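A.B. asks: Dropping in run_8.cif, which is mmCIF, C-alpha atoms:
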data_target
#
loop_
_atom_site.label_atom_id
_atom_site.label_comp_id
_atom_site.auth_asym_id
_atom_site.auth_seq_id
_atom_site.Cartn_x
_atom_site.Cartn_y
_atom_site.Cartn_z
CA MET I 24 5.48 -13.16 -27.85
CA ARG I 25 9.02 -11.76 -27.66
CA ARG I 26 8.23 -9.20 -30.36
CA SER I 27 5.10 -8.09 -28.43
CA ARG I 28 7.03 -7.57 -25.21
CA THR I 29 9.85 -5.77 -26.92
CA SER I 30 7.48 -3.37 -28.65
CA THR I 31 5.69 -2.66 -25.37
CA LEU I 32 8.97 -1.85 -23.65
CA ALA I 33 9.96 0.43 -26.49
CA SER I 34 6.66 2.26 -26.41
CA ALA I 35 6.86 2.71 -22.62
CA ARG I 36 10.35 4.17 -22.84
CA SER I 37 10.08 6.19 -26.02
CA PRO I 38 9.88 9.95 -25.37
CA THR I 39 7.99 10.57 -28.60
CA PRO I 40 4.26 11.33 -28.44
CA THR I 41 1.92 8.78 -30.00
CA GLY I 42 0.87 11.05 -32.80
CA SER I 43 4.44 11.37 -34.09
CA GLY I 44 5.19 7.68 -34.35
CA GLY I 45 6.49 6.94 -30.84
CA GLY I 46 4.83 5.17 -27.94
CA LEU I 47 4.67 7.75 -25.15
CA LEU I 48 1.31 9.36 -24.66
CA PRO I 49 1.18 13.13 -24.17
CA ALA I 50 0.38 14.32 -20.66
CA ARG I 51 -3.14 15.38 -21.59
CA ALA I 52 -3.91 11.83 -22.75
CA LEU I 53 -2.94 10.51 -19.31
CA ALA I 54 -4.78 13.22 -17.38
CA ALA I 55 -7.90 11.08 -16.97
CA SER I 56 -5.88 8.30 -15.32
CA TRP I 57 -4.20 10.69 -12.89
CA PHE I 58 -7.51 12.42 -12.17
CA LEU I 59 -9.20 9.09 -11.46
CA ILE I 60 -6.53 8.06 -8.95
CA VAL I 61 -6.71 11.43 -7.20
CA LEU I 62 -10.50 11.20 -7.25
CA ILE I 63 -10.24 7.96 -5.29
CA ALA I 64 -7.37 8.84 -2.93
CA VAL I 65 -8.55 12.25 -1.71
CA PRO I 66 -12.09 11.19 -0.66
CA ALA I 67 -10.56 8.04 0.86
CA TRP I 68 -8.41 10.20 3.14
CA ALA I 69 -11.40 12.39 4.01
CA LEU I 70 -13.55 9.37 4.90
CA THR I 71 -10.74 7.73 6.86
CA ILE I 72 -10.06 10.84 8.94
CA GLY I 73 -13.75 11.40 9.58
CA GLN I 74 -14.29 7.80 10.67
CA ALA I 75 -11.18 7.85 12.87
CA ARG I 76 -12.45 10.94 14.70
CA ASP I 77 -15.71 9.13 15.47
CA MET I 78 -14.22 5.78 16.49
CA GLY I 79 -11.09 6.75 18.39
CA VAL I 80 -8.07 4.53 18.98
CA GLU I 81 -8.88 1.22 20.64
CA PRO I 82 -7.34 -2.25 20.85
CA GLY I 83 -8.19 -4.92 18.33
CA THR I 84 -11.03 -4.62 15.84
CA MET I 85 -12.88 -2.05 17.99
CA GLY I 86 -15.96 -4.25 17.93
CA MET I 87 -16.39 -4.05 14.15
CA ALA I 88 -17.85 -6.97 12.26
CA LEU I 89 -15.71 -8.29 9.41
CA PRO I 90 -17.68 -6.64 6.53
CA LEU I 91 -17.48 -3.19 8.11
CA PHE I 92 -13.82 -3.67 8.96
CA LEU I 93 -12.98 -4.65 5.38
CA LEU I 94 -14.85 -1.63 4.06
CA LEU I 95 -12.84 0.69 6.31
CA TRP I 96 -9.64 -1.23 5.59
CA VAL I 97 -9.97 -0.88 1.82
CA THR I 98 -10.71 2.83 2.26
CA MET I 99 -7.56 3.18 4.36
CA MET I 100 -5.47 1.30 1.83
CA ALA I 101 -6.79 3.44 -1.01
CA ALA I 102 -5.80 6.53 0.95
CA MET I 103 -2.36 5.26 1.95
CA MET I 104 -1.27 3.30 -1.12
CA LEU I 105 -2.67 4.97 -4.23
CA PRO I 106 -0.29 7.98 -4.16
CA SER I 107 2.74 5.69 -4.39
CA MET I 108 1.02 3.25 -6.77
CA ALA I 109 -0.14 5.94 -9.22
CA PRO I 110 3.12 6.12 -11.27
CA VAL I 111 2.97 2.36 -11.90
CA ALA I 112 -0.67 2.50 -12.99
CA VAL I 113 0.01 5.43 -15.31
CA THR I 114 3.12 3.70 -16.70
CA TRP I 115 0.99 0.67 -17.52
CA VAL I 116 -1.63 2.84 -19.19
CA ARG I 117 1.17 4.57 -21.12
CA GLY I 118 2.52 1.22 -22.30
CA ILE I 119 -0.85 0.11 -23.66
CA GLY I 120 -1.97 3.60 -24.64
CA ARG I 121 -1.57 3.23 -28.39
CA GLN I 122 -4.16 0.46 -28.35
CA SER I 123 -6.79 2.42 -26.41
CA SER I 124 -9.03 5.42 -26.67
CA GLY I 125 -9.21 7.92 -23.82
CA TRP I 126 -12.34 6.28 -22.40
CA ARG I 127 -10.83 2.81 -22.70
CA ARG I 128 -7.68 3.92 -20.87
CA THR I 129 -9.87 5.15 -18.00
CA VAL I 130 -11.68 1.80 -17.84
CA ARG I 131 -8.37 -0.03 -17.82
CA THR I 132 -7.11 2.18 -15.00
CA VAL I 133 -10.21 1.29 -13.00
CA GLU I 134 -9.52 -2.41 -13.59
CA PHE I 135 -5.87 -2.02 -12.53
CA VAL I 136 -6.80 -0.17 -9.33
CA GLY I 137 -9.57 -2.69 -8.64
CA GLY I 138 -7.17 -5.62 -8.88
CA TYR I 139 -4.65 -3.80 -6.70
CA LEU I 140 -7.21 -3.12 -3.96
CA LEU I 141 -8.51 -6.69 -4.20
CA VAL I 142 -5.16 -7.96 -2.93
CA TRP I 143 -5.24 -5.49 -0.05
CA THR I 144 -8.76 -6.66 0.77
CA ALA I 145 -7.45 -10.22 1.08
CA PHE I 146 -4.65 -8.95 3.32
CA GLY I 147 -7.35 -7.25 5.39
CA LEU I 148 -8.65 -10.68 6.37
CA LEU I 149 -5.28 -11.45 7.95
CA ALA I 150 -5.23 -8.03 9.60
CA TYR I 151 -8.68 -8.62 11.08
CA ALA I 152 -7.64 -11.99 12.52
CA ALA I 153 -4.47 -10.51 14.04
CA LEU I 154 -6.36 -7.57 15.55
CA ALA I 155 -9.09 -9.82 16.92
CA LEU I 156 -6.46 -12.03 18.57
CA THR I 157 -4.43 -9.20 20.08
CA GLY I 158 -7.56 -7.32 21.16
CA GLY I 159 -8.83 -10.40 22.95
CA LEU I 160 -5.51 -10.88 24.74
CA VAL I 161 -5.43 -7.25 25.87
CA GLY I 162 -9.05 -7.51 27.04
CA GLU I 163 -8.18 -10.49 29.24
CA ARG I 164 -4.83 -9.18 30.49
CA PRO I 165 -4.21 -5.46 29.91
CA THR I 166 -0.51 -5.81 30.77
CA ALA I 167 -0.10 -8.17 27.81
CA GLY I 168 -0.30 -5.15 25.52
CA ARG I 169 3.28 -4.20 26.32
CA TRP I 170 4.64 -7.51 25.10
CA ILE I 171 2.31 -7.68 22.13
CA GLY I 172 3.59 -4.24 21.11
CA ALA I 173 7.20 -5.33 21.57
CA VAL I 174 6.67 -8.42 19.43
CA ALA I 175 4.86 -6.41 16.74
CA PHE I 176 7.68 -3.86 16.50
CA LEU I 177 10.25 -6.67 16.50
CA LEU I 178 8.53 -8.52 13.65
CA ALA I 179 8.11 -5.30 11.69
CA GLY I 180 11.77 -4.39 12.14
CA LEU I 181 13.05 -7.81 11.13
CA TYR I 182 10.78 -7.83 8.09
CA GLN I 183 12.00 -4.39 7.00
CA LEU I 184 15.56 -5.70 7.08
CA GLY I 185 14.77 -9.07 5.52
CA PRO I 186 15.19 -10.40 1.97
CA LEU I 187 11.48 -10.56 1.03
CA LYS I 188 11.08 -6.86 1.73
CA ASN I 189 14.12 -6.13 -0.44
CA VAL I 190 12.80 -8.20 -3.38
CA CYS I 191 9.34 -6.62 -3.28
CA LEU I 192 10.72 -3.12 -2.84
CA ARG I 193 12.94 -3.56 -5.91
CA HIS I 194 9.88 -4.49 -7.93
CA CYS I 195 7.88 -1.50 -6.69
CA ARG I 196 10.75 0.88 -7.40
CA ASP I 197 11.46 -0.47 -10.89
CA PRO I 198 8.39 -2.35 -12.18
CA MET I 199 9.16 -1.93 -15.89
CA GLY I 200 10.45 -5.48 -16.40
CA HIS I 201 7.29 -6.91 -14.87
CA LEU I 202 5.05 -4.57 -16.85
CA VAL I 203 6.69 -5.83 -20.03
CA ARG I 204 6.08 -9.43 -18.95
CA TYR I 205 2.45 -8.58 -18.15
CA ALA I 206 2.02 -7.44 -21.76
CA GLY I 207 2.10 -11.13 -22.69
CA PHE I 208 -1.03 -11.86 -20.62
CA ARG I 209 -4.14 -12.78 -22.54
CA ARG I 210 -6.41 -9.82 -23.01
CA TRP I 211 -9.29 -11.14 -20.91
CA ALA I 212 -9.23 -9.18 -17.62
CA ARG I 213 -5.55 -8.43 -18.27
CA ASP I 214 -5.55 -5.09 -16.47
CA LEU I 215 -7.30 -6.59 -13.44
CA ARG I 216 -4.71 -9.36 -13.27
CA VAL I 217 -1.84 -6.89 -13.64
CA GLY I 218 -3.27 -4.92 -10.70
CA VAL I 219 -3.45 -8.14 -8.67
CA HIS I 220 0.16 -9.05 -9.49
CA HIS I 221 1.47 -5.61 -8.64
CA GLY I 222 -0.69 -5.52 -5.52
CA GLY I 223 0.90 -8.77 -4.37
CA TYR I 224 4.36 -7.21 -4.58
CA CYS I 225 3.08 -4.11 -2.82
CA VAL I 226 1.69 -6.19 0.04
CA GLY I 227 5.04 -7.94 0.29
CA CYS I 228 6.77 -4.56 0.37
CA CYS I 229 4.50 -3.01 3.01
CA ALA I 230 3.49 -5.96 5.22
CA GLY I 231 6.00 -5.08 7.93
CA LEU I 232 4.80 -1.50 8.03
CA MET I 233 1.20 -2.66 8.41
CA VAL I 234 2.13 -4.77 11.46
CA VAL I 235 2.89 -1.66 13.50
CA LEU I 236 -0.76 -0.63 13.22
CA ILE I 237 -1.39 -3.22 15.96
CA PRO I 238 0.46 -1.25 18.66
CA LEU I 239 -0.16 2.18 17.13
CA GLY I 240 -3.87 1.66 16.43
CA VAL I 241 -5.55 0.72 13.17
CA MET I 242 -7.55 3.98 13.16
CA ASN I 243 -4.68 6.21 14.30
CA VAL I 244 -4.59 8.96 11.67
CA ALA I 245 -1.09 10.12 12.60
CA ALA I 246 0.25 6.57 12.23
CA MET I 247 -1.50 6.14 8.88
CA ALA I 248 -0.14 9.42 7.56
CA GLY I 249 3.38 8.61 8.74
CA LEU I 250 3.31 5.15 7.20
CA ALA I 251 1.89 6.52 3.94
CA LEU I 252 4.79 8.97 3.76
CA VAL I 253 7.33 6.20 4.43
CA ILE I 254 5.74 4.01 1.74
CA PHE I 255 5.79 6.88 -0.75
CA LEU I 256 9.45 7.69 -0.09
CA GLU I 257 10.56 4.05 -0.06
CA LYS I 258 9.15 3.52 -3.54
CA LEU I 259 9.86 6.85 -5.23
CA TRP I 260 12.83 8.50 -3.46
CA SER I 261 16.33 7.75 -4.73
CA ARG I 262 17.36 6.75 -1.20
CA GLY I 263 14.24 4.70 -0.54
CA PRO I 264 16.11 1.43 0.25
CA LEU I 265 18.25 3.25 2.82
CA LEU I 266 15.12 4.73 4.39
CA SER I 267 13.58 1.26 4.51
CA ARG I 268 16.52 -0.09 6.50
CA ALA I 269 16.53 2.94 8.81
CA VAL I 270 12.85 2.43 9.56
CA GLY I 271 13.57 -1.22 10.30
CA VAL I 272 16.24 -0.27 12.82
CA ALA I 273 13.85 2.27 14.38
CA PHE I 274 11.23 -0.47 14.82
CA LEU I 275 13.79 -2.68 16.58
CA VAL I 276 14.57 0.17 18.97
CA LEU I 277 10.83 0.61 19.64
CA ALA I 278 10.60 -3.13 20.34
CA VAL I 279 13.10 -2.70 23.15
CA LEU I 280 11.37 0.39 24.56
CA ALA I 281 7.74 -0.77 24.21
CA PRO I 282 7.52 -2.87 27.41
CA PHE I 283 8.54 0.15 29.47
CA HIS I 284 6.66 3.00 27.76
CA ASP I 285 2.91 2.63 27.37
CA TRP I 286 2.64 5.86 25.36
CA LEU I 287 4.30 4.03 22.46
CA LEU I 288 1.31 1.67 22.31
CA PRO I 289 -1.88 3.75 21.89
CA GLY I 290 -3.51 0.92 19.95
CA LEU I 291 -3.13 -1.48 22.87
CA GLN I 292 -4.52 0.78 25.60
CA ALA I 293 -8.05 1.43 26.80
CA SER I 294 -10.38 3.44 24.56
CA MET I 295 -9.38 7.05 23.96
CA PRO I 296 -10.45 9.86 21.65
CA ALA I 297 -8.77 9.68 18.27
CA MET I 298 -7.09 13.07 18.53
CA VAL I 299 -5.51 12.08 21.88
CA GLY I 300 -3.92 9.14 20.13
CA ILE I 301 -2.61 11.51 17.47
CA ARG I 302 -1.09 13.86 20.02
CA SER I 303 0.56 10.97 21.85
CA LEU I 304 2.66 10.29 18.77
#
Spell out the structure here as structure tokens.

C.D. replies:
Amino acid sequence: MRRSRTSTLASARSPTPTGSGGGLLPARALAASWFLIVLIAVPAWALTIGQARDMGVEPGTMGMALPLFLLLWVTMMAAMMLPSMAPVAVTWVRGIGRQSSGWRRTVRTVEFVGGYLLVWTAFGLLAYAALALTGGLVGERPTAGRWIGAVAFLLAGLYQLGPLKNVCLRHCRDPMGHLVRYAGFRRWARDLRVGVHHGGYCVGCCAGLMVVLIPLGVMNVAAMAGLALVIFLEKLWSRGPLLSRAVGVAFLVLAVLAPFHDWLLPGLQASMPAMVGIRSL
């Protein structure tokens, strides 16, 4: 087992192309994996933006049944998360590349992405419950939205500054140690399980950021784009941890301001056109 993990680590780090005795695949051999991820992420953004224009920004689940909500949620997560997840998926493909043909690498990438999105689908169940609860409270007492927004920003800020966020962010920024450990998994559905494991860390890294979709609106395109950029920079920028803490502090400031400024809470107000919600941010 130790020899297997060591060889996988060496092949992931080696700068030598496969054909010359090293483990690193040439860029053209990884092109299919990159293309597949782009092929999923770009249409996901197009569908998300189109649906947001039709639905607008409203409190809660906007009257959606759970199956439809989960379908839209997974589309949103594919749009927001795949750009920052792509390097990890390609690194995994690179580490197992010597054992796979081009077609097999593509299939394994599909399995990895499928496992990753499966975890976000499960998180979508929690999101639906939270949105249903907050939407019901706002429907009964519209003024409650101010305090719901304040609590949401407070929880998001504290989470951004907390230890669980730090642990999960470290994994997402430097997943190599875990990828080496995953190489010891049994081959049956290994790539799917690796996607699930990495997805779990990603959920832990981004859970606080997802909470702010309650006050900002789950179909607010501007909020989604801003959060996607923050997620991308947190994971891939050299100063990502500093940005994470700065965003946490910003959320705490918004928690203080939210009860006094309704424009900070487009997702907890009466129905409005989607583009109005975008301009309000």

A.B. asks: Mind giving me the straight-line distance from CA of Leu265 in chain I to CA of Ala109 in chain I in Å, one decimal?

C.D. replies: 22.1 Å

A.B. asks: Let me know the residues the PyMOL selection byres ((chain I and resi 75) around 9) catches in the file above, as a list in words.

C.D. replies: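 When the PyMOL selection byres ((chain I and resi 75) around 9) is applied to the shown file, the picked residues are Leu70, Thr71, Ile72, Gly73, Gln74, Arg76, Asp77, Met78, Gly79, Val80, Met242, Asn243, Val244, Ala297 and Met298 of chain I.
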
A.B. asks: Just the residues within 9 Å of Leu232 in chain I, please, counting only C-alpha atoms, with nothing from its chain fewer than 2 positions along; format it as an MDAnalysis selection string.

C.D. replies: chainID I and resid 179:180 182:183 228:230 234:236 250 253:254

A.B. asks: Run the PyMOL selection byres ((chain I and resi 216-226) around 8) on the file and write out the hits as a list in words.

C.D. replies: Glu134, Phe135, Val136, Gly137, Gly138, Tyr139, Leu140, Leu141, Val142, Trp143, Phe146, Cys191, Leu192, His194, Cys195, Leu202, Tyr205, Ala212, Arg213, Asp214, Leu215, Gly227, Cys228, Cys229 and Ala230 of chain I

A.B. asks: Hey, can you spit out that residue selection with C-alpha atoms as a short mmCIF file (atom, residue, chain, number, x, y, z; two decimals), keeping the file's coordinate frame?

C.D. replies:
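Contents of selection-v2.cif, freshly written:
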data_model
loop_
_atom_site.label_atom_id
_atom_site.label_comp_id
_atom_site.auth_asym_id
_atom_site.auth_seq_id
_atom_site.Cartn_x
_atom_site.Cartn_y
_atom_site.Cartn_z
CA GLU I 134 -9.52 -2.41 -13.59
CA PHE I 135 -5.87 -2.02 -12.53
CA VAL I 136 -6.80 -0.17 -9.33
CA GLY I 137 -9.57 -2.69 -8.64
CA GLY I 138 -7.17 -5.62 -8.88
CA TYR I 139 -4.65 -3.80 -6.70
CA LEU I 140 -7.21 -3.12 -3.96
CA LEU I 141 -8.51 -6.69 -4.20
CA VAL I 142 -5.16 -7.96 -2.93
CA TRP I 143 -5.24 -5.49 -0.05
CA PHE I 146 -4.65 -8.95 3.32
CA CYS I 191 9.34 -6.62 -3.28
CA LEU I 192 10.72 -3.12 -2.84
CA HIS I 194 9.88 -4.49 -7.93
CA CYS I 195 7.88 -1.50 -6.69
CA LEU I 202 5.05 -4.57 -16.85
CA TYR I 205 2.45 -8.58 -18.15
CA ALA I 212 -9.23 -9.18 -17.62
CA ARG I 213 -5.55 -8.43 -18.27
CA ASP I 214 -5.55 -5.09 -16.47
CA LEU I 215 -7.30 -6.59 -13.44
CA GLY I 227 5.04 -7.94 0.29
CA CYS I 228 6.77 -4.56 0.37
CA CYS I 229 4.50 -3.01 3.01
CA ALA I 230 3.49 -5.96 5.22
#

A.B. asks: For a test of reading the model, state the distance in Å between CA of Ser267 in chain I and CA of Leu178 in chain I, rounded to one decimal.

C.D. replies: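 A separation of 14.3 Å between them.
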
A.B. asks: Between CA of Met104 in chain I and CA of Pro82 in chain I, what is the spacing in Å?

C.D. replies: 23.5 Å

A.B. asks: Skip Arg193 in chain I itself and residues of its chain fewer than 5 positions away, then list as a tab-separated table (two decimals) with C-alpha atoms, in the frame of the given file all residues within 9 Å of it, counting all atoms listed in the file.

C.D. replies:
chain	number	residue	atom	x	y	z
I	188	LYS	CA	11.08	-6.86	1.73
I	198	PRO	CA	8.39	-2.35	-12.18
I	228	CYS	CA	6.77	-4.56	0.37
I	258	LYS	CA	9.15	3.52	-3.54
I	264	PRO	CA	16.11	1.43	0.25

A.B. asks: Considering only C-alpha atoms, can you say which of I:Arg210, I:His201, I:Leu177, I:Gly83 comes closest to Trp115 in chain I?

C.D. replies: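 For Trp115 in chain I, the nearest of the candidates is I:His201.
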
A.B. asks: I'd like to know which of I:Ala88, I:Arg196, I:Pro282, I:Ala102 is closest to Arg262 in chain I, using all atoms listed in the file.

C.D. replies: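 The closest residue to Arg262 in chain I is I:Arg196.
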
A.B. asks: So which one's closest to Ala173 in chain I, I:Pro90, I:Gly271, I:Pro289, I:Pro238? Using all atoms listed in the file, please.

C.D. replies: I:Pro238

A.B. asks: Which residue, I:Ala269, I:Leu89, I:Val190, I:Leu291, has the smallest gap to Thr157 in chain I when you use only C-alpha atoms?

C.D. replies: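 Of I:Ala269, I:Leu89, I:Val190, I:Leu291, the one nearest Thr157 in chain I is I:Leu291, counting only C-alpha atoms.
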
A.B. asks: Looking at only C-alpha atoms, which of I:Ile171, I:Ala67, I:Ile237, I:Val130 is the one that sits closest to Tyr151 in chain I?

C.D. replies: I:Ile237

A.B. asks: I'd like the box whose edges run along x, y and z of the file and which contains every listed atom of range 58-68 of chain I, padded by 3 Å per side; could you state its centre and edge lengths in Å, one decimal, as JSON?

C.D. replies:
{"center_x": -9.3, "center_y": 10.2, "center_z": -4.5, "size_x": 11.6, "size_y": 10.5, "size_z": 21.3}

A.B. asks: From the set I:Met85, I:Leu239, I:Leu288, I:Leu94, which residue has the shortest atom-to-atom contact distance to Gly159 in chain I, counting all atoms listed in the file?

C.D. replies: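 Residue with the minimum atom-to-atom distance to Gly159 in chain I: I:Met85.
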
A.B. asks: Quick one: everything within 12 Å of Gly162 in chain I, counting only C-alpha atoms, minus sequence neighbours fewer than 2 positions away in the same chain. Send it as a short mmCIF file (atom, residue, chain, number, x, y, z; two decimals) with C-alpha atoms, in the coordinates of the input.

C.D. replies:
data_model
loop_
_atom_site.label_atom_id
_atom_site.label_comp_id
_atom_site.auth_asym_id
_atom_site.auth_seq_id
_atom_site.Cartn_x
_atom_site.Cartn_y
_atom_site.Cartn_z
CA GLU I 81 -8.88 1.22 20.64
CA PRO I 82 -7.34 -2.25 20.85
CA GLY I 83 -8.19 -4.92 18.33
CA THR I 84 -11.03 -4.62 15.84
CA MET I 85 -12.88 -2.05 17.99
CA GLY I 86 -15.96 -4.25 17.93
CA LEU I 154 -6.36 -7.57 15.55
CA ALA I 155 -9.09 -9.82 16.92
CA LEU I 156 -6.46 -12.03 18.57
CA THR I 157 -4.43 -9.20 20.08
CA GLY I 158 -7.56 -7.32 21.16
CA GLY I 159 -8.83 -10.40 22.95
CA LEU I 160 -5.51 -10.88 24.74
CA ARG I 164 -4.83 -9.18 30.49
CA PRO I 165 -4.21 -5.46 29.91
CA THR I 166 -0.51 -5.81 30.77
CA ALA I 167 -0.10 -8.17 27.81
CA GLY I 168 -0.30 -5.15 25.52
CA LEU I 291 -3.13 -1.48 22.87
CA GLN I 292 -4.52 0.78 25.60
CA ALA I 293 -8.05 1.43 26.80
CA SER I 294 -10.38 3.44 24.56
#

A.B. asks: Mind filling out range 95-103 of chain I with all heavy atoms and sending it as a PDB file, keeping the file's coordinate frame?

C.D. replies:
ATOM      1  N   LEU I  95     -13.732  -0.360   5.799  1.00  0.00           N
ATOM      2  CA  LEU I  95     -12.840   0.690   6.310  1.00  0.00           C
ATOM      3  C   LEU I  95     -11.393   0.409   5.924  1.00  0.00           C
ATOM      4  O   LEU I  95     -10.629   1.331   5.612  1.00  0.00           O
ATOM      5  CB  LEU I  95     -12.976   0.802   7.823  1.00  0.00           C
ATOM      6  CG  LEU I  95     -14.317   1.316   8.335  1.00  0.00           C
ATOM      7  CD1 LEU I  95     -14.339   1.309   9.868  1.00  0.00           C
ATOM      8  CD2 LEU I  95     -14.591   2.716   7.830  1.00  0.00           C
ATOM      9  N   TRP I  96     -11.014  -0.858   5.939  1.00  0.00           N
ATOM     10  CA  TRP I  96      -9.640  -1.230   5.590  1.00  0.00           C
ATOM     11  C   TRP I  96      -9.302  -0.856   4.148  1.00  0.00           C
ATOM     12  O   TRP I  96      -8.255  -0.281   3.869  1.00  0.00           O
ATOM     13  CB  TRP I  96      -9.441  -2.715   5.826  1.00  0.00           C
ATOM     14  CG  TRP I  96      -8.091  -3.226   5.436  1.00  0.00           C
ATOM     15  CD1 TRP I  96      -7.740  -3.839   4.272  1.00  0.00           C
ATOM     16  CD2 TRP I  96      -6.886  -3.152   6.218  1.00  0.00           C
ATOM     17  NE1 TRP I  96      -6.408  -4.164   4.271  1.00  0.00           N
ATOM     18  CE2 TRP I  96      -5.863  -3.755   5.445  1.00  0.00           C
ATOM     19  CE3 TRP I  96      -6.586  -2.664   7.486  1.00  0.00           C
ATOM     20  CZ2 TRP I  96      -4.559  -3.865   5.911  1.00  0.00           C
ATOM     21  CZ3 TRP I  96      -5.276  -2.773   7.943  1.00  0.00           C
ATOM     22  CH2 TRP I  96      -4.281  -3.362   7.169  1.00  0.00           C
ATOM     23  N   VAL I  97     -10.206  -1.197   3.223  1.00  0.00           N
ATOM     24  CA  VAL I  97      -9.970  -0.880   1.820  1.00  0.00           C
ATOM     25  C   VAL I  97      -9.921   0.636   1.623  1.00  0.00           C
ATOM     26  O   VAL I  97      -9.104   1.140   0.837  1.00  0.00           O
ATOM     27  CB  VAL I  97     -11.059  -1.510   0.933  1.00  0.00           C
ATOM     28  CG1 VAL I  97     -10.939  -1.031  -0.516  1.00  0.00           C
ATOM     29  CG2 VAL I  97     -10.964  -3.026   0.980  1.00  0.00           C
ATOM     30  N   THR I  98     -10.761   1.365   2.335  1.00  0.00           N
ATOM     31  CA  THR I  98     -10.710   2.830   2.260  1.00  0.00           C
ATOM     32  C   THR I  98      -9.367   3.344   2.739  1.00  0.00           C
ATOM     33  O   THR I  98      -8.761   4.226   2.108  1.00  0.00           O
ATOM     34  CB  THR I  98     -11.845   3.443   3.104  1.00  0.00           C
ATOM     35  OG1 THR I  98     -13.103   2.941   2.650  1.00  0.00           O
ATOM     36  CG2 THR I  98     -11.843   4.958   2.982  1.00  0.00           C
ATOM     37  N   MET I  99      -8.881   2.800   3.844  1.00  0.00           N
ATOM     38  CA  MET I  99      -7.560   3.180   4.360  1.00  0.00           C
ATOM     39  C   MET I  99      -6.463   2.875   3.360  1.00  0.00           C
ATOM     40  O   MET I  99      -5.557   3.691   3.132  1.00  0.00           O
ATOM     41  CB  MET I  99      -7.276   2.459   5.673  1.00  0.00           C
ATOM     42  CG  MET I  99      -8.043   2.951   6.884  1.00  0.00           C
ATOM     43  SD  MET I  99      -7.796   1.823   8.285  1.00  0.00           S
ATOM     44  CE  MET I  99      -6.001   1.678   8.329  1.00  0.00           C
ATOM     45  N   MET I 100      -6.514   1.690   2.768  1.00  0.00           N
ATOM     46  CA  MET I 100      -5.470   1.300   1.830  1.00  0.00           C
ATOM     47  C   MET I 100      -5.496   2.175   0.580  1.00  0.00           C
ATOM     48  O   MET I 100      -4.449   2.525   0.025  1.00  0.00           O
ATOM     49  CB  MET I 100      -5.611  -0.173   1.447  1.00  0.00           C
ATOM     50  CG  MET I 100      -5.357  -1.145   2.591  1.00  0.00           C
ATOM     51  SD  MET I 100      -3.736  -0.931   3.391  1.00  0.00           S
ATOM     52  CE  MET I 100      -4.191  -0.056   4.906  1.00  0.00           C
ATOM     53  N   ALA I 101      -6.700   2.531   0.135  1.00  0.00           N
ATOM     54  CA  ALA I 101      -6.790   3.440  -1.010  1.00  0.00           C
ATOM     55  C   ALA I 101      -6.149   4.773  -0.672  1.00  0.00           C
ATOM     56  O   ALA I 101      -5.424   5.361  -1.489  1.00  0.00           O
ATOM     57  CB  ALA I 101      -8.254   3.631  -1.415  1.00  0.00           C
ATOM     58  N   ALA I 102      -6.383   5.258   0.537  1.00  0.00           N
ATOM     59  CA  ALA I 102      -5.800   6.530   0.950  1.00  0.00           C
ATOM     60  C   ALA I 102      -4.284   6.447   1.063  1.00  0.00           C
ATOM     61  O   ALA I 102      -3.555   7.336   0.604  1.00  0.00           O
ATOM     62  CB  ALA I 102      -6.410   6.973   2.291  1.00  0.00           C
ATOM     63  N   MET I 103      -3.783   5.365   1.656  1.00  0.00           N
ATOM     64  CA  MET I 103      -2.360   5.260   1.950  1.00  0.00           C
ATOM     65  C   MET I 103      -1.535   4.824   0.743  1.00  0.00           C
ATOM     66  O   MET I 103      -0.388   5.268   0.584  1.00  0.00           O
ATOM     67  CB  MET I 103      -2.144   4.263   3.098  1.00  0.00           C
ATOM     68  CG  MET I 103      -2.719   4.710   4.435  1.00  0.00           C
ATOM     69  SD  MET I 103      -2.586   3.420   5.700  1.00  0.00           S
ATOM     70  CE  MET I 103      -0.799   3.258   5.850  1.00  0.00           C
TER      71      MET I 103
END
